>>> print(open('structure_33.pdb').read())   # PDB, C-alpha atoms
ATOM      1  CA  MET A   1     120.456 115.034  95.741  1.00  0.00           C
ATOM      2  CA  HIS A   2     121.076 114.154  99.401  1.00  0.00           C
ATOM      3  CA  TYR A   3     120.150 110.549  98.580  1.00  0.00           C
ATOM      4  CA  ILE A   4     122.847 110.383  95.885  1.00  0.00           C
ATOM      5  CA  MET A   5     125.404 112.076  98.137  1.00  0.00           C
ATOM      6  CA  ALA A   6     124.740 109.399 100.773  1.00  0.00           C
ATOM      7  CA  LEU A   7     125.939 106.786  98.284  1.00  0.00           C
ATOM      8  CA  ILE A   8     129.308 108.448  97.664  1.00  0.00           C
ATOM      9  CA  PRO A   9     131.887 106.878 100.008  1.00  0.00           C
ATOM     10  CA  THR A  10     133.597 109.245 102.394  1.00  0.00           C
ATOM     11  CA  GLU A  11     135.902 108.602 105.331  1.00  0.00           C
ATOM     12  CA  GLU A  12     132.952 109.168 107.698  1.00  0.00           C
ATOM     13  CA  SER A  13     130.662 106.744 105.872  1.00  0.00           C
ATOM     14  CA  ALA A  14     133.316 104.033 106.054  1.00  0.00           C
ATOM     15  CA  HIS A  15     132.800 103.807 109.824  1.00  0.00           C
ATOM     16  CA  PHE A  16     130.812 100.814 110.987  1.00  0.00           C
ATOM     17  CA  GLY A  17     127.914 102.745 112.538  1.00  0.00           C
ATOM     18  CA  ALA A  18     127.534 104.962 109.483  1.00  0.00           C
ATOM     19  CA  LEU A  19     127.582 101.951 107.152  1.00  0.00           C
ATOM     20  CA  VAL A  20     124.948 100.136 109.194  1.00  0.00           C
ATOM     21  CA  ARG A  21     122.773 103.282 109.255  1.00  0.00           C
ATOM     22  CA  ASP A  22     123.137 103.833 105.506  1.00  0.00           C
ATOM     23  CA  VAL A  23     122.407 100.200 104.607  1.00  0.00           C
ATOM     24  CA  SER A  24     119.388 100.183 106.927  1.00  0.00           C
ATOM     25  CA  LYS A  25     118.057 103.395 105.384  1.00  0.00           C
ATOM     26  CA  LEU A  26     118.509 102.106 101.822  1.00  0.00           C
ATOM     27  CA  ILE A  27     116.858  98.762 102.611  1.00  0.00           C
ATOM     28  CA  ARG A  28     113.928 100.558 104.251  1.00  0.00           C
ATOM     29  CA  ARG A  29     113.499 102.836 101.227  1.00  0.00           C
ATOM     30  CA  ARG A  30     113.621  99.881  98.834  1.00  0.00           C
ATOM     31  CA  PHE A  31     111.110  97.947 100.909  1.00  0.00           C
ATOM     32  CA  GLU A  32     108.737 100.910 101.119  1.00  0.00           C
ATOM     33  CA  LYS A  33     108.909 101.439  97.357  1.00  0.00           C
ATOM     34  CA  LYS A  34     107.983  97.803  96.693  1.00  0.00           C
ATOM     35  CA  ALA A  35     105.385  97.625  99.481  1.00  0.00           C
ATOM     36  CA  LEU A  36     103.680 100.838  98.375  1.00  0.00           C
ATOM     37  CA  LYS A  37     101.183  98.849  96.310  1.00  0.00           C
ATOM     38  CA  LEU A  38     100.080  97.144  99.547  1.00  0.00           C
ATOM     39  CA  GLY A  39      99.606 100.491 101.242  1.00  0.00           C
ATOM     40  CA  LEU A  40     102.113  99.778 104.012  1.00  0.00           C
ATOM     41  CA  THR A  41     105.083 101.742 105.255  1.00  0.00           C
ATOM     42  CA  GLN A  42     108.110 100.006 106.745  1.00  0.00           C
ATOM     43  CA  ALA A  43     107.038 101.066 110.245  1.00  0.00           C
ATOM     44  CA  GLN A  44     103.578  99.605 109.687  1.00  0.00           C
ATOM     45  CA  TRP A  45     105.051  96.377 108.382  1.00  0.00           C
ATOM     46  CA  ALA A  46     107.377  96.215 111.399  1.00  0.00           C
ATOM     47  CA  ALA A  47     104.368  96.411 113.711  1.00  0.00           C
ATOM     48  CA  LEU A  48     102.510  93.752 111.704  1.00  0.00           C
ATOM     49  CA  SER A  49     105.594  91.551 111.669  1.00  0.00           C
ATOM     50  CA  HIS A  50     105.917  91.697 115.458  1.00  0.00           C
ATOM     51  CA  LEU A  51     102.222  90.929 115.809  1.00  0.00           C
ATOM     52  CA  MET A  52     102.530  88.028 113.395  1.00  0.00           C
ATOM     53  CA  HIS A  53     104.903  86.416 115.895  1.00  0.00           C
ATOM     54  CA  HIS A  54     103.307  87.734 119.106  1.00  0.00           C
ATOM     55  CA  GLU A  55      99.604  88.139 118.424  1.00  0.00           C
ATOM     56  CA  GLY A  56      97.594  89.107 121.499  1.00  0.00           C
ATOM     57  CA  ILE A  57     100.270  91.289 123.142  1.00  0.00           C
ATOM     58  CA  ASN A  58      99.407  94.661 124.599  1.00  0.00           C
ATOM     59  CA  GLN A  59     100.396  98.028 123.173  1.00  0.00           C
ATOM     60  CA  ALA A  60     103.099  98.717 125.786  1.00  0.00           C
ATOM     61  CA  THR A  61     104.836  95.435 124.994  1.00  0.00           C
ATOM     62  CA  LEU A  62     104.714  96.110 121.254  1.00  0.00           C
ATOM     63  CA  ALA A  63     106.161  99.615 121.762  1.00  0.00           C
ATOM     64  CA  GLU A  64     109.009  98.110 123.778  1.00  0.00           C
ATOM     65  CA  MET A  65     109.656  95.427 121.142  1.00  0.00           C
ATOM     66  CA  MET A  66     109.761  98.054 118.398  1.00  0.00           C
ATOM     67  CA  ASP A  67     111.884 100.396 120.530  1.00  0.00           C
ATOM     68  CA  ILE A  68     109.510 103.312 120.043  1.00  0.00           C
ATOM     69  CA  GLU A  69     107.602 105.513 122.440  1.00  0.00           C
ATOM     70  CA  PRO A  70     104.094 104.285 123.319  1.00  0.00           C
ATOM     71  CA  ILE A  71     102.548 107.550 122.062  1.00  0.00           C
ATOM     72  CA  THR A  72     104.240 107.041 118.680  1.00  0.00           C
ATOM     73  CA  LEU A  73     102.852 103.513 118.516  1.00  0.00           C
ATOM     74  CA  VAL A  74      99.322 104.733 119.232  1.00  0.00           C
ATOM     75  CA  GLY A  75      99.309 106.813 116.048  1.00  0.00           C
ATOM     76  CA  LEU A  76     100.756 103.942 114.058  1.00  0.00           C
ATOM     77  CA  LEU A  77      98.137 101.546 115.432  1.00  0.00           C
ATOM     78  CA  ASP A  78      95.359 104.059 114.735  1.00  0.00           C
ATOM     79  CA  ARG A  79      96.379 104.100 111.059  1.00  0.00           C
ATOM     80  CA  LEU A  80      96.692 100.290 110.939  1.00  0.00           C
ATOM     81  CA  GLU A  81      93.284  99.903 112.567  1.00  0.00           C
ATOM     82  CA  ARG A  82      91.651 102.388 110.147  1.00  0.00           C
ATOM     83  CA  GLY A  83      93.265 100.477 107.275  1.00  0.00           C
ATOM     84  CA  GLY A  84      91.792  97.208 108.488  1.00  0.00           C
ATOM     85  CA  TRP A  85      95.160  95.630 109.362  1.00  0.00           C
ATOM     86  CA  VAL A  86      94.899  95.286 113.143  1.00  0.00           C
ATOM     87  CA  GLU A  87      92.213  95.077 115.730  1.00  0.00           C
ATOM     88  CA  ARG A  88      92.388  96.147 119.350  1.00  0.00           C
ATOM     89  CA  ARG A  89      90.524  94.012 121.859  1.00  0.00           C
ATOM     90  CA  HIS A  90      89.942  94.614 125.541  1.00  0.00           C
ATOM     91  CA  ASP A  91      92.172  92.599 127.841  1.00  0.00           C
ATOM     92  CA  PRO A  92      89.892  90.463 130.030  1.00  0.00           C
ATOM     93  CA  ALA A  93      92.483  90.640 132.825  1.00  0.00           C
ATOM     94  CA  ASP A  94      92.863  94.447 132.720  1.00  0.00           C
ATOM     95  CA  ARG A  95      90.031  96.698 131.541  1.00  0.00           C
ATOM     96  CA  ARG A  96      92.456  99.524 130.746  1.00  0.00           C
ATOM     97  CA  ALA A  97      94.718  97.450 128.500  1.00  0.00           C
ATOM     98  CA  ARG A  98      94.118  96.593 124.868  1.00  0.00           C
ATOM     99  CA  LEU A  99      95.409  93.478 123.153  1.00  0.00           C
ATOM    100  CA  LEU A 100      96.473  93.547 119.507  1.00  0.00           C
ATOM    101  CA  TYR A 101      95.491  91.084 116.798  1.00  0.00           C
ATOM    102  CA  LEU A 102      95.996  90.892 113.051  1.00  0.00           C
ATOM    103  CA  THR A 103      92.868  90.974 110.936  1.00  0.00           C
ATOM    104  CA  LYS A 104      92.080  88.501 108.157  1.00  0.00           C
ATOM    105  CA  ARG A 105      93.235  91.166 105.697  1.00  0.00           C
ATOM    106  CA  ALA A 106      96.662  91.294 107.358  1.00  0.00           C
ATOM    107  CA  HIS A 107      96.979  87.510 107.423  1.00  0.00           C
ATOM    108  CA  ARG A 108      96.231  87.410 103.676  1.00  0.00           C
ATOM    109  CA  ILE A 109      99.108  89.743 102.721  1.00  0.00           C
ATOM    110  CA  ILE A 110     101.812  88.290 104.957  1.00  0.00           C
ATOM    111  CA  GLY A 111     103.032  86.070 102.113  1.00  0.00           C
ATOM    112  CA  SER A 112     103.272  89.065  99.775  1.00  0.00           C
ATOM    113  CA  VAL A 113     105.280  91.064 102.271  1.00  0.00           C
ATOM    114  CA  GLU A 114     107.602  88.143 102.938  1.00  0.00           C
ATOM    115  CA  LEU A 115     108.168  87.919  99.162  1.00  0.00           C
ATOM    116  CA  ILE A 116     109.053  91.628  99.060  1.00  0.00           C
ATOM    117  CA  LYS A 117     111.497  91.139 101.950  1.00  0.00           C
ATOM    118  CA  THR A 118     113.116  88.278 100.053  1.00  0.00           C
ATOM    119  CA  GLN A 119     113.369  90.377  96.867  1.00  0.00           C
ATOM    120  CA  VAL A 120     114.953  93.298  98.712  1.00  0.00           C
ATOM    121  CA  GLY A 121     117.395  90.913 100.407  1.00  0.00           C
ATOM    122  CA  LYS A 122     118.404  89.482  97.029  1.00  0.00           C
ATOM    123  CA  GLU A 123     118.894  92.988  95.644  1.00  0.00           C
ATOM    124  CA  ALA A 124     120.973  93.992  98.659  1.00  0.00           C
ATOM    125  CA  PHE A 125     123.198  90.914  98.428  1.00  0.00           C
ATOM    126  CA  ALA A 126     123.539  90.874  94.630  1.00  0.00           C
ATOM    127  CA  GLY A 127     127.096  89.883  93.735  1.00  0.00           C
ATOM    128  CA  VAL A 128     127.940  88.833  97.298  1.00  0.00           C
ATOM    129  CA  PRO A 129     128.800  85.127  97.558  1.00  0.00           C
ATOM    130  CA  ALA A 130     126.441  83.065  99.747  1.00  0.00           C
ATOM    131  CA  ARG A 131     129.320  82.274 102.138  1.00  0.00           C
ATOM    132  CA  ASP A 132     129.943  85.992 102.676  1.00  0.00           C
ATOM    133  CA  GLN A 133     126.219  86.696 103.073  1.00  0.00           C
ATOM    134  CA  LYS A 134     126.027  84.151 105.869  1.00  0.00           C
ATOM    135  CA  GLN A 135     129.145  85.606 107.496  1.00  0.00           C
ATOM    136  CA  ILE A 136     127.775  89.164 107.354  1.00  0.00           C
ATOM    137  CA  ILE A 137     124.525  88.046 108.976  1.00  0.00           C
ATOM    138  CA  ASN A 138     126.369  86.071 111.666  1.00  0.00           C
ATOM    139  CA  ILE A 139     128.634  89.021 112.444  1.00  0.00           C
ATOM    140  CA  LEU A 140     125.721  91.464 112.680  1.00  0.00           C
ATOM    141  CA  GLN A 141     123.817  89.061 114.945  1.00  0.00           C
ATOM    142  CA  ARG A 142     126.871  88.877 117.214  1.00  0.00           C
ATOM    143  CA  VAL A 143     127.218  92.675 117.243  1.00  0.00           C
ATOM    144  CA  ARG A 144     123.528  92.978 118.159  1.00  0.00           C
ATOM    145  CA  GLU A 145     123.941  90.427 120.976  1.00  0.00           C
ATOM    146  CA  ASN A 146     127.028  92.240 122.273  1.00  0.00           C
ATOM    147  CA  LEU A 147     125.288  95.611 122.347  1.00  0.00           C
ATOM    148  CA  ASP A 148     122.109  94.141 123.828  1.00  0.00           C
ATOM    149  CA  THR A 149     124.113  92.458 126.600  1.00  0.00           C
ATOM    150  CA  VAL A 150     126.009  95.661 127.388  1.00  0.00           C
ATOM    151  CA  GLY A 151     122.735  97.610 127.424  1.00  0.00           C
ATOM    152  CA  ARG A 152     121.058  95.140 129.780  1.00  0.00           C
ATOM    153  CA  GLU A 153     124.096  95.183 132.070  1.00  0.00           C
ATOM    154  CA  GLU A 154     124.007  98.991 132.210  1.00  0.00           C
ATOM    155  CA  ILE A 155     120.294  98.996 133.015  1.00  0.00           C
ATOM    156  CA  SER A 156     120.862  96.386 135.714  1.00  0.00           C
ATOM    157  CA  ALA A 157     123.700  98.445 137.220  1.00  0.00           C
ATOM    158  CA  VAL A 158     121.522 101.577 137.292  1.00  0.00           C
ATOM    159  CA  ARG A 159     118.697  99.665 138.991  1.00  0.00           C
ATOM    160  CA  MET A 160     121.090  98.247 141.586  1.00  0.00           C
ATOM    161  CA  ARG A 161     122.487 101.729 142.256  1.00  0.00           C
ATOM    162  CA  ASP A 162     118.960 103.145 142.562  1.00  0.00           C
ATOM    163  CA  ASN A 163     118.011 100.351 144.977  1.00  0.00           C
ATOM    164  CA  ASP A 164     121.147 101.017 147.040  1.00  0.00           C
ATOM    165  CA  ASP A 165     120.293 104.730 147.164  1.00  0.00           C
ATOM    166  CA  LEU A 166     116.734 103.929 148.209  1.00  0.00           C
ATOM    167  CA  ASN A 167     117.939 101.543 150.930  1.00  0.00           C
ATOM    168  CA  ARG A 168     120.265 104.230 152.319  1.00  0.00           C
ATOM    169  CA  ILE A 169     117.356 106.671 152.498  1.00  0.00           C
ATOM    170  CA  ILE A 170     115.115 104.153 154.234  1.00  0.00           C
TER     171      ILE A 170
END
>>> encode(input="structure_33.pdb", output="structure tokens")
Amino acid sequence: MHYIMALIPTEESAHFGALVRDVSKLIRRRFEKKALKLGLTQAQWAALSHLMHHEGINQATLAEMMDIEPITLVGLLDRLERGGWVERRHDPADRRARLLYLTKRAHRIIGSVELIKTQVGKEAFAGVPARDQKQIINILQRVRENLDTVGREEISAVRMRDNDDLNRII
């Protein structure tokens, strides 16, 4: 019932943030339904997708890329490792660190998952002219860049303030 209520437009859901959240949630649900036959959740696919582009990174870097807590990633990686999707290898430069690699099994299904992503994208954009699709994507990329820039600037300002405070103490 809540799922159906989320689809009924209200003044609140017409706000940009709410629309982005709702679209993201619906795309994730659609993806998970189609990817169920592969035995992957959206979170698991997100981890595999990052590794597909950055194989050999460590767990801390992957957690940062996925914007999740390292402890949350550990559980996700445990399930992916048990499922035969990823393998953890010792980092020769740091005995405590583990590097992440896709297994042959994961490499074999990448094409299938990409096909599912394409299908879900087509379903999401059904009836939307190609010109408008491109514009929506461009606008969302710009919004992401804007928010990322603001976030980095805030972090930089906090670090500078912390350094100033530390210098005053010293």
>>> resolve_selection(input="structure_33.pdb", expression="the PyMOL selection byres ((chain A and resi 35) around 12)", output="JSON, numbers by chain")
{"A": [27, 28, 29, 30, 31, 32, 33, 34, 36, 37, 38, 39, 40, 41, 42, 43, 44, 45, 109, 110, 112, 113, 114, 115, 116, 117, 119, 120]}
>>> write_last_selection(input="structure_33.pdb", atoms="C-alpha atoms", output="PDB file, in the frame of the given file")
ATOM      1  CA  ILE A  27     116.858  98.762 102.611  1.00  0.00           C
ATOM      2  CA  ARG A  28     113.928 100.558 104.251  1.00  0.00           C
ATOM      3  CA  ARG A  29     113.499 102.836 101.227  1.00  0.00           C
ATOM      4  CA  ARG A  30     113.621  99.881  98.834  1.00  0.00           C
ATOM      5  CA  PHE A  31     111.110  97.947 100.909  1.00  0.00           C
ATOM      6  CA  GLU A  32     108.737 100.910 101.119  1.00  0.00           C
ATOM      7  CA  LYS A  33     108.909 101.439  97.357  1.00  0.00           C
ATOM      8  CA  LYS A  34     107.983  97.803  96.693  1.00  0.00           C
ATOM      9  CA  LEU A  36     103.680 100.838  98.375  1.00  0.00           C
ATOM     10  CA  LYS A  37     101.183  98.849  96.310  1.00  0.00           C
ATOM     11  CA  LEU A  38     100.080  97.144  99.547  1.00  0.00           C
ATOM     12  CA  GLY A  39      99.606 100.491 101.242  1.00  0.00           C
ATOM     13  CA  LEU A  40     102.113  99.778 104.012  1.00  0.00           C
ATOM     14  CA  THR A  41     105.083 101.742 105.255  1.00  0.00           C
ATOM     15  CA  GLN A  42     108.110 100.006 106.745  1.00  0.00           C
ATOM     16  CA  ALA A  43     107.038 101.066 110.245  1.00  0.00           C
ATOM     17  CA  GLN A  44     103.578  99.605 109.687  1.00  0.00           C
ATOM     18  CA  TRP A  45     105.051  96.377 108.382  1.00  0.00           C
ATOM     19  CA  ILE A 109      99.108  89.743 102.721  1.00  0.00           C
ATOM     20  CA  ILE A 110     101.812  88.290 104.957  1.00  0.00           C
ATOM     21  CA  SER A 112     103.272  89.065  99.775  1.00  0.00           C
ATOM     22  CA  VAL A 113     105.280  91.064 102.271  1.00  0.00           C
ATOM     23  CA  GLU A 114     107.602  88.143 102.938  1.00  0.00           C
ATOM     24  CA  LEU A 115     108.168  87.919  99.162  1.00  0.00           C
ATOM     25  CA  ILE A 116     109.053  91.628  99.060  1.00  0.00           C
ATOM     26  CA  LYS A 117     111.497  91.139 101.950  1.00  0.00           C
ATOM     27  CA  GLN A 119     113.369  90.377  96.867  1.00  0.00           C
ATOM     28  CA  VAL A 120     114.953  93.298  98.712  1.00  0.00           C
TER      29      VAL A 120
END
>>> atom_distance(input="structure_33.pdb", atom1="atom CA of Asp132 of chain A", atom2="atom CA of Arg144 of chain A")
18.2 Å
>>> residues_around(input="structure_33.pdb", residues="Glu87 of chain A", least_positions_apart="6", cutoff="12 Å", atoms="all atoms listed in the file", output="short mmCIF file (atom, residue, chain, number, x, y, z; two decimals) with C-alpha atoms, in the coordinates of the input")
data_model
loop_
_atom_site.label_atom_id
_atom_site.label_comp_id
_atom_site.auth_asym_id
_atom_site.auth_seq_id
_atom_site.Cartn_x
_atom_site.Cartn_y
_atom_site.Cartn_z
CA LEU A 48 102.51 93.75 111.70
CA LEU A 51 102.22 90.93 115.81
CA GLU A 55 99.60 88.14 118.42
CA GLY A 56 97.59 89.11 121.50
CA ILE A 57 100.27 91.29 123.14
CA ASN A 58 99.41 94.66 124.60
CA GLN A 59 100.40 98.03 123.17
CA LEU A 77 98.14 101.55 115.43
CA ASP A 78 95.36 104.06 114.74
CA ARG A 79 96.38 104.10 111.06
CA LEU A 80 96.69 100.29 110.94
CA GLU A 81 93.28 99.90 112.57
CA ARG A 98 94.12 96.59 124.87
CA LEU A 99 95.41 93.48 123.15
CA LEU A 100 96.47 93.55 119.51
CA TYR A 101 95.49 91.08 116.80
CA LEU A 102 96.00 90.89 113.05
CA THR A 103 92.87 90.97 110.94
CA LYS A 104 92.08 88.50 108.16
CA ARG A 105 93.24 91.17 105.70
CA ALA A 106 96.66 91.29 107.36
#
>>> axis_aligned_box(input="structure_33.pdb", around="segment 129-145 of chain A", padding_each_side="3 Å", output="AutoDock Vina command-line options")
--center_x 126.7 --center_y 87.6 --center_z 109.3 --size_x 12.4 --size_y 16.7 --size_z 29.4
>>> closest_residue(input="structure_33.pdb", among="A:Lys122, A:Arg108, A:Arg95, A:Ala47", to="Val74 of chain A", atoms="all atoms listed in the file")
A:Ala47
>>> closest_residue(input="structure_33.pdb", among="A:Ile71, A:Ala97, A:Ala124, A:Met65", to="Lys25 of chain A", atoms="all atoms listed in the file")
A:Ala124
>>> atom_distance(input="structure_33.pdb", atom1="atom CA of Met52 of chain A", atom2="atom CA of Glu64 of chain A")
15.9 Å
>>> atom_distance(input="structure_33.pdb", atom1="atom CA of Asp91 of chain A", atom2="atom CA of Ala60 of chain A")
12.7 Å
>>> closest_residue(input="structure_33.pdb", among="A:Ala46, A:Gly151, A:Gln141, A:His90", to="Ile68 of chain A", atoms="only C-alpha atoms")
A:Ala46
>>> closest_residue(input="structure_33.pdb", among="A:Leu147, A:His53, A:Asp22, A:Val128", to="His107 of chain A", atoms="only C-alpha atoms")
A:His53
>>> build_atoms(input="structure_33.pdb", residues="segment 32-56 of chain A", atoms="N, CA and C atoms", output="compact mmCIF listing (two decimals), in the coordinates of the input")
# COMPACT_ATOMS: atom_id res chain seq x y z
N GLU A 32 109.91 100.04 101.19
CA GLU A 32 108.74 100.91 101.12
C GLU A 32 108.30 101.13 99.68
N LYS A 33 109.26 101.25 98.76
CA LYS A 33 108.91 101.44 97.36
C LYS A 33 108.16 100.23 96.84
N LYS A 34 108.63 99.02 97.17
CA LYS A 34 107.98 97.80 96.69
C LYS A 34 106.66 97.54 97.42
N ALA A 35 106.58 97.91 98.69
CA ALA A 35 105.38 97.62 99.48
C ALA A 35 104.31 98.70 99.31
N LEU A 36 104.63 99.74 98.56
CA LEU A 36 103.68 100.84 98.38
C LEU A 36 102.35 100.35 97.81
N LYS A 37 102.42 99.36 96.92
CA LYS A 37 101.18 98.85 96.31
C LYS A 37 100.29 98.18 97.35
N LEU A 38 100.87 97.75 98.47
CA LEU A 38 100.08 97.14 99.55
C LEU A 38 99.54 98.21 100.50
N GLY A 39 100.06 99.41 100.38
CA GLY A 39 99.61 100.49 101.24
C GLY A 39 100.24 100.47 102.62
N LEU A 40 101.44 99.88 102.72
CA LEU A 40 102.11 99.78 104.01
C LEU A 40 103.46 100.50 103.99
N THR A 41 103.74 101.19 105.08
CA THR A 41 105.08 101.74 105.26
C THR A 41 105.92 100.69 105.98
N GLN A 42 107.23 100.94 106.05
CA GLN A 42 108.11 100.01 106.74
C GLN A 42 107.75 99.93 108.22
N ALA A 43 107.41 101.06 108.82
CA ALA A 43 107.04 101.07 110.24
C ALA A 43 105.76 100.25 110.47
N GLN A 44 104.81 100.38 109.56
CA GLN A 44 103.58 99.60 109.69
C GLN A 44 103.86 98.12 109.52
N TRP A 45 104.72 97.78 108.55
CA TRP A 45 105.05 96.38 108.38
C TRP A 45 105.79 95.85 109.60
N ALA A 46 106.65 96.66 110.21
CA ALA A 46 107.38 96.22 111.40
C ALA A 46 106.39 95.87 112.51
N ALA A 47 105.38 96.70 112.69
CA ALA A 47 104.37 96.41 113.71
C ALA A 47 103.63 95.13 113.37
N LEU A 48 103.22 94.97 112.11
CA LEU A 48 102.51 93.75 111.70
C LEU A 48 103.39 92.52 111.87
N SER A 49 104.67 92.67 111.55
CA SER A 49 105.59 91.55 111.67
C SER A 49 105.72 91.10 113.12
N HIS A 50 105.85 92.05 114.04
CA HIS A 50 105.92 91.70 115.46
C HIS A 50 104.63 91.00 115.89
N LEU A 51 103.51 91.53 115.43
CA LEU A 51 102.22 90.93 115.81
C LEU A 51 102.05 89.55 115.20
N MET A 52 102.61 89.34 114.03
CA MET A 52 102.53 88.03 113.40
C MET A 52 103.15 86.98 114.31
N HIS A 53 104.20 87.35 115.02
CA HIS A 53 104.90 86.42 115.90
C HIS A 53 104.43 86.48 117.35
N HIS A 54 103.71 87.54 117.71
CA HIS A 54 103.31 87.73 119.11
C HIS A 54 101.87 88.25 119.19
N GLU A 55 100.99 87.68 118.44
CA GLU A 55 99.60 88.14 118.42
C GLU A 55 99.01 88.06 119.82
N GLY A 56 98.23 89.08 120.19
CA GLY A 56 97.59 89.11 121.50
C GLY A 56 98.39 89.86 122.56
